[in-house]
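**Q** Pasting a structure below so you can have a look.
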There are 6 protein chains.
Amino acid sequence: MKVTVHRKAHFNAAHRLYNKNWNMDKNDEVFGKCNNPHYHGHNYELVTSVTGEIDPVTGYVIDMKVLKDLIKEEVEDKLDHKNLNEQVKEFQNLNPTAENIAVVIWNKLRNKLDQKLDLEVTLYETPRNFVTYKGE
Amino acid sequence: MKVTVHRKAHFNAAHRLYNKNWNMDKNDEVFGKCNNPHYHGHNYELVTSVTGEIDPVTGYVIDMKVLKDLIKEEVEDKLDHKNLNEQVKEFQNLNPTAENIAVVIWNKLRNKLDQKLDLEVTLYETPRNFVTYKGE
Amino acid sequence: MKVTVHRKAHFNAAHRLYNKNWNMDKNDEVFGKCNNPHYHGHNYELVTSVTGEIDPVTGYVIDMKVLKDLIKEEVEDKLDHKNLNEQVKEFQNLNPTAENIAVVIWNKLRNKLDQKLDLEVTLYETPRNFVTYKGE
Amino acid sequence: MKVTVHRKAHFNAAHRLYNKNWNMDKNDEVFGKCNNPHYHGHNYELVTSVTGEIDPVTGYVIDMKVLKDLIKEEVEDKLDHKNLNEQVKEFQNLNPTAENIAVVIWNKLRNKLDQKLDLEVTLYETPRNFVTYKGE
Amino acid sequence: MKVTVHRKAHFNAAHRLYNKNWNMDKNDEVFGKCNNPHYHGHNYELVTSVTGEIDPVTGYVIDMKVLKDLIKEEVEDKLDHKNLNEQVKEFQNLNPTAENIAVVIWNKLRNKLDQKLDLEVTLYETPRNFVTYKGE
Amino acid sequence: MKVTVHRKAHFNAAHRLYNKNWNMDKNDEVFGKCNNPHYHGHNYELVTSVTGEIDPVTGYVIDMKVLKDLIKEEVEDKLDHKNLNEQVKEFQNLNPTAENIAVVIWNKLRNKLDQKLDLEVTLYETPRNFVTYKGE
């Protein structure tokens, strides 16, 4: 019996969207006010979804406390209250769009998660804009 | 790397559920108070989900502003503050159930969307009743 | 010890905003697309707030089941799945704006509620537009 | 045209997580404060998702009222305001984790649902912890 | 300039509503299924609202971290994952209705809060039932 | 008949909390990770509440479209996708705590609003932290 377990977390961060190879006008045209050089920010909400068999001894797919701690170490401690462009190495040459942030988070969690478990992440940049990535 | 990008929108509309080929009693039996000939209405919430590869130059699957404008033109401008039965041609011979509204919206958006992108829509008729359609 | 007890309920209805003494142009100018003669509609969410002393025998200000039933009889049964302009007598000569609907609901509930209890209602027309009335 | 219809319901219940074959220390180690022998409880939110073809006569995949009544009979009437460990026979030898509750609810609904329809359930134990099961 | 600062917290607990001086029939009549002797439970959401002058040096009415820690010590550590009737001394002779829980929480926080600050608490027993107390 | 009309809006911004007269250590001690010199950010949600008499001709306290446009001009256009410390003049010598942002917004709206109307603003910095100001 395969069940998916979902855990919600959040972090606040500043970012700016732009392509280093473009000039300011081109960046403004493509990214609009998201290209503000002084940055803007979001309350990101993250739903981490882990799929696997129920352990018949515990009734758990994964201990929610273990999953919560993993998200804290790999995501919250590294991204919360940070400037993504300036202070997070994965975005030094990668535009911190919601799509790319989701892929970066998925990779961080995938590395630490038992290979028997499937992983999907959904990242809310705002309550109206969100993205999903499952490593495909 | 395939990512799904979700965008939330909303519109308010009036509708009535009934089958033109049935008499009032039969319609009341099947559709209950949704068959009120004077109409009732909803705040519809729409989640449009678009799946595709991340463009390595922008970091976007689709520019959210482009998607937002597309939803505005194809859905909000055509359905918001309308009487679906009386004023929207797709429902002249189609019962405006949540299921059928979702299919109509999916078709409108699918026509305008790059064929490389997959599309799914989720339509909330109320916070407790909602439907999903992905063109299958 | 005075406590306020809140109960959330909802109903769906169609309406149209207009002033019978004005022509169509004037109504369009003031009420915009809310003046659609074919109606539009909303999922109204209602929060009913009742303030009074805690009964030391039960620990209740008011039995929530009693309050729930009162809201059902006075509000849901009379407004749910109705066309407010056409089918609700209070709006025959009163524009069914959120403000006026809140006042009508407050009056209906006030009539049935023990005079020792204070009453306030908050009515959500959409998640972004809502009104509060407390009889002052 | 296959559409998924979702219906949200809820119930409140008490439970305790533990393995009858373990002693108290081992249970505390694995289940922490969820092993409180005096129980704790939750407001469970349930989303039932039913997938099938739209009936061209009604425009429904399934009549939402039929689905709502089925969820009431099979889930709410049996679990609401209950102690899951003490009063629900399915959990006499099964740990009432969110995962196992979702499987039990899925089985109850699956038995009563037309075999042409697919079924998935999502159960929220808290707004931050939830699980999904679709019978695979 | 007086500002109100609100902080949201939550805890899960089991409880039973009954009056020790009444027999089972009378308790069933008044409290219905809330009188289940095996208990049921809720995810309580608590909004703590503190009103005071903005400190011109920090820009804070109260440091949110201080308020968060106070709520953790006085409310979460004492009520989370507990059986209110059996394990919380304030309810040994007090029915744990939402009204009474709000008063107990208000008293706990009031004792620890600077007298210059006003206090109000709103306690959600479910998303549809909630209460407010401000010590009057 | 006095009714309060509420309108929800939002904006995203970056900020940093610190006191220019303190050194880094003192700022870290008081503001913790909110003192990150590279900034962090939030999705701010704003509820603007306007209280006044219902106009008997329109049924409005204030035309919601007028209020929406006022909030757009005075708040969204000036704060959305901005760095509050660097790009908003009101915060050049004022720490952009939620408390101070609420006061600044209230002042901006108060200046443009008819004196017959009362004004209150509630600003959510995160879903768990929010503040209310009504000019007292």
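Each chain in the structure tokens gets a letter, A, B, ..., in the order shown, and its residues are numbered from 1; ligands are numbered from 1 in order too.
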Could you name the residues that touch A:Lys108 at 9 Å or less, counting only C-alpha atoms, but leaving out those on the same chain fewer than 5 positions away, as a ChimeraX atom specification?

**A** /A:74-75,103

**Q** Using only N, CA, C and O atoms, please write the residues we just selected to a file, as a PDB file, in the first residue's frame.

**A**
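result_8.pdb, written as the output of this step:
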ATOM      1  N   GLU A  74      17.815  21.095   5.434  1.00  0.00           N
ATOM      2  CA  GLU A  74      18.193  21.245   4.031  1.00  0.00           C
ATOM      3  C   GLU A  74      17.580  22.488   3.373  1.00  0.00           C
ATOM      4  O   GLU A  74      18.127  23.020   2.413  1.00  0.00           O
ATOM      5  N   VAL A  75      16.429  22.927   3.867  1.00  0.00           N
ATOM      6  CA  VAL A  75      15.748  24.044   3.188  1.00  0.00           C
ATOM      7  C   VAL A  75      15.676  25.285   4.087  1.00  0.00           C
ATOM      8  O   VAL A  75      16.201  26.342   3.747  1.00  0.00           O
ATOM      9  N   VAL A 103      13.545  23.191  -8.175  1.00  0.00           N
ATOM     10  CA  VAL A 103      14.503  22.158  -8.595  1.00  0.00           C
ATOM     11  C   VAL A 103      15.655  22.058  -7.595  1.00  0.00           C
ATOM     12  O   VAL A 103      16.063  20.955  -7.199  1.00  0.00           O
TER      13      VAL A 103
END

**Q** Just asking: which residues within stretch 22-97 of chain E are helix (DSSP H, G or I) according to DSSP, as a ChimeraX atom specification?

**A** /E:24-35,64-79,84-87,89-91

**Q** Do me a favour and pick out the residues of chain C within 10 Å of chain F, using only C-alpha atoms, as a PyMOL selection string.

**A** chain C and resi 17-19+21+27+30-32+94-103+122-124+126-136

**Q** What separation in Å, quoted to one decimal, exists between atom CA of B:Pro37 and atom CA of C:Asp28?

**A**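 Those two atoms sit 24.9 Å apart.
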
**Q** Set the distance at 7 Å and use only C-alpha atoms: which residues neighbour A:His38 once local chain neighbours fewer than 2 positions away are removed? I'd like the list as a list in words.

**A**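 So, after excluding close chain neighbours, the residues are Asn36 and His40 of chain A; Asn83 of chain F.
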
**Q** Neighbouring residues of stretch 84-87 of chain A were defined as those with any atom within 7 Å, considering only C-alpha atoms; residues of the same chain fewer than 5 positions away were excluded. Please report them as a list in words.

**A** Ala13, Ala14, His15, Arg16, Gln92 and Pro96 of chain A

**Q** Can you tell me, as a VMD selection string, what residues are no more than 9 Å from C:Glu76 when counting only C-alpha atoms, ignoring any on the same chain fewer than 4 positions away?

**A** chain C and resid 9 to 12 71 to 72 80 to 81

**Q** For the residues in the current selection, export N, CA, C and O atoms as a JSON list (two decimals), in the first residue's frame.

**A**
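Result file result_10.json:
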[["chain", "number", "residue", "atom", "x", "y", "z"],
["C", 9, "ALA", "N", -20.83, 30.20, 8.39],
["C", 9, "ALA", "CA", -21.81, 29.51, 7.56],
["C", 9, "ALA", "C", -21.64, 30.01, 6.13],
["C", 9, "ALA", "O", -20.84, 30.92, 5.88],
["C", 10, "HIS", "N", -22.35, 29.44, 5.18],
["C", 10, "HIS", "CA", -22.25, 29.98, 3.82],
["C", 10, "HIS", "C", -23.52, 29.72, 3.03],
["C", 10, "HIS", "O", -24.32, 28.86, 3.37],
["C", 11, "PHE", "N", -23.67, 30.50, 1.97],
["C", 11, "PHE", "CA", -24.79, 30.29, 1.04],
["C", 11, "PHE", "C", -24.38, 30.85, -0.31],
["C", 11, "PHE", "O", -23.50, 31.70, -0.41],
["C", 12, "ASN", "N", -24.99, 30.31, -1.37],
["C", 12, "ASN", "CA", -24.72, 30.77, -2.73],
["C", 12, "ASN", "C", -25.95, 31.49, -3.24],
["C", 12, "ASN", "O", -27.07, 31.01, -3.06],
["C", 71, "ILE", "N", -28.99, 30.09, 12.42],
["C", 71, "ILE", "CA", -28.43, 30.62, 11.17],
["C", 71, "ILE", "C", -29.02, 29.85, 9.98],
["C", 71, "ILE", "O", -29.34, 30.43, 8.95],
["C", 72, "LYS", "N", -29.18, 28.55, 10.14],
["C", 72, "LYS", "CA", -29.76, 27.76, 9.05],
["C", 72, "LYS", "C", -31.18, 28.23, 8.72],
["C", 72, "LYS", "O", -31.52, 28.50, 7.57],
["C", 80, "ASP", "N", -30.04, 30.74, 0.48],
["C", 80, "ASP", "CA", -29.18, 29.83, -0.29],
["C", 80, "ASP", "C", -29.83, 29.41, -1.61],
["C", 80, "ASP", "O", -31.00, 29.04, -1.65],
["C", 81, "HIS", "N", -29.03, 29.49, -2.69],
["C", 81, "HIS", "CA", -29.49, 29.12, -4.04],
["C", 81, "HIS", "C", -30.69, 29.95, -4.48],
["C", 81, "HIS", "O", -31.52, 29.48, -5.26]]

**Q** Quick check, in Å to one decimal: how far apart do atom CA of D:Trp22 and atom CA of D:His42 lie?

**A**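 A separation of 24.4 Å between them.
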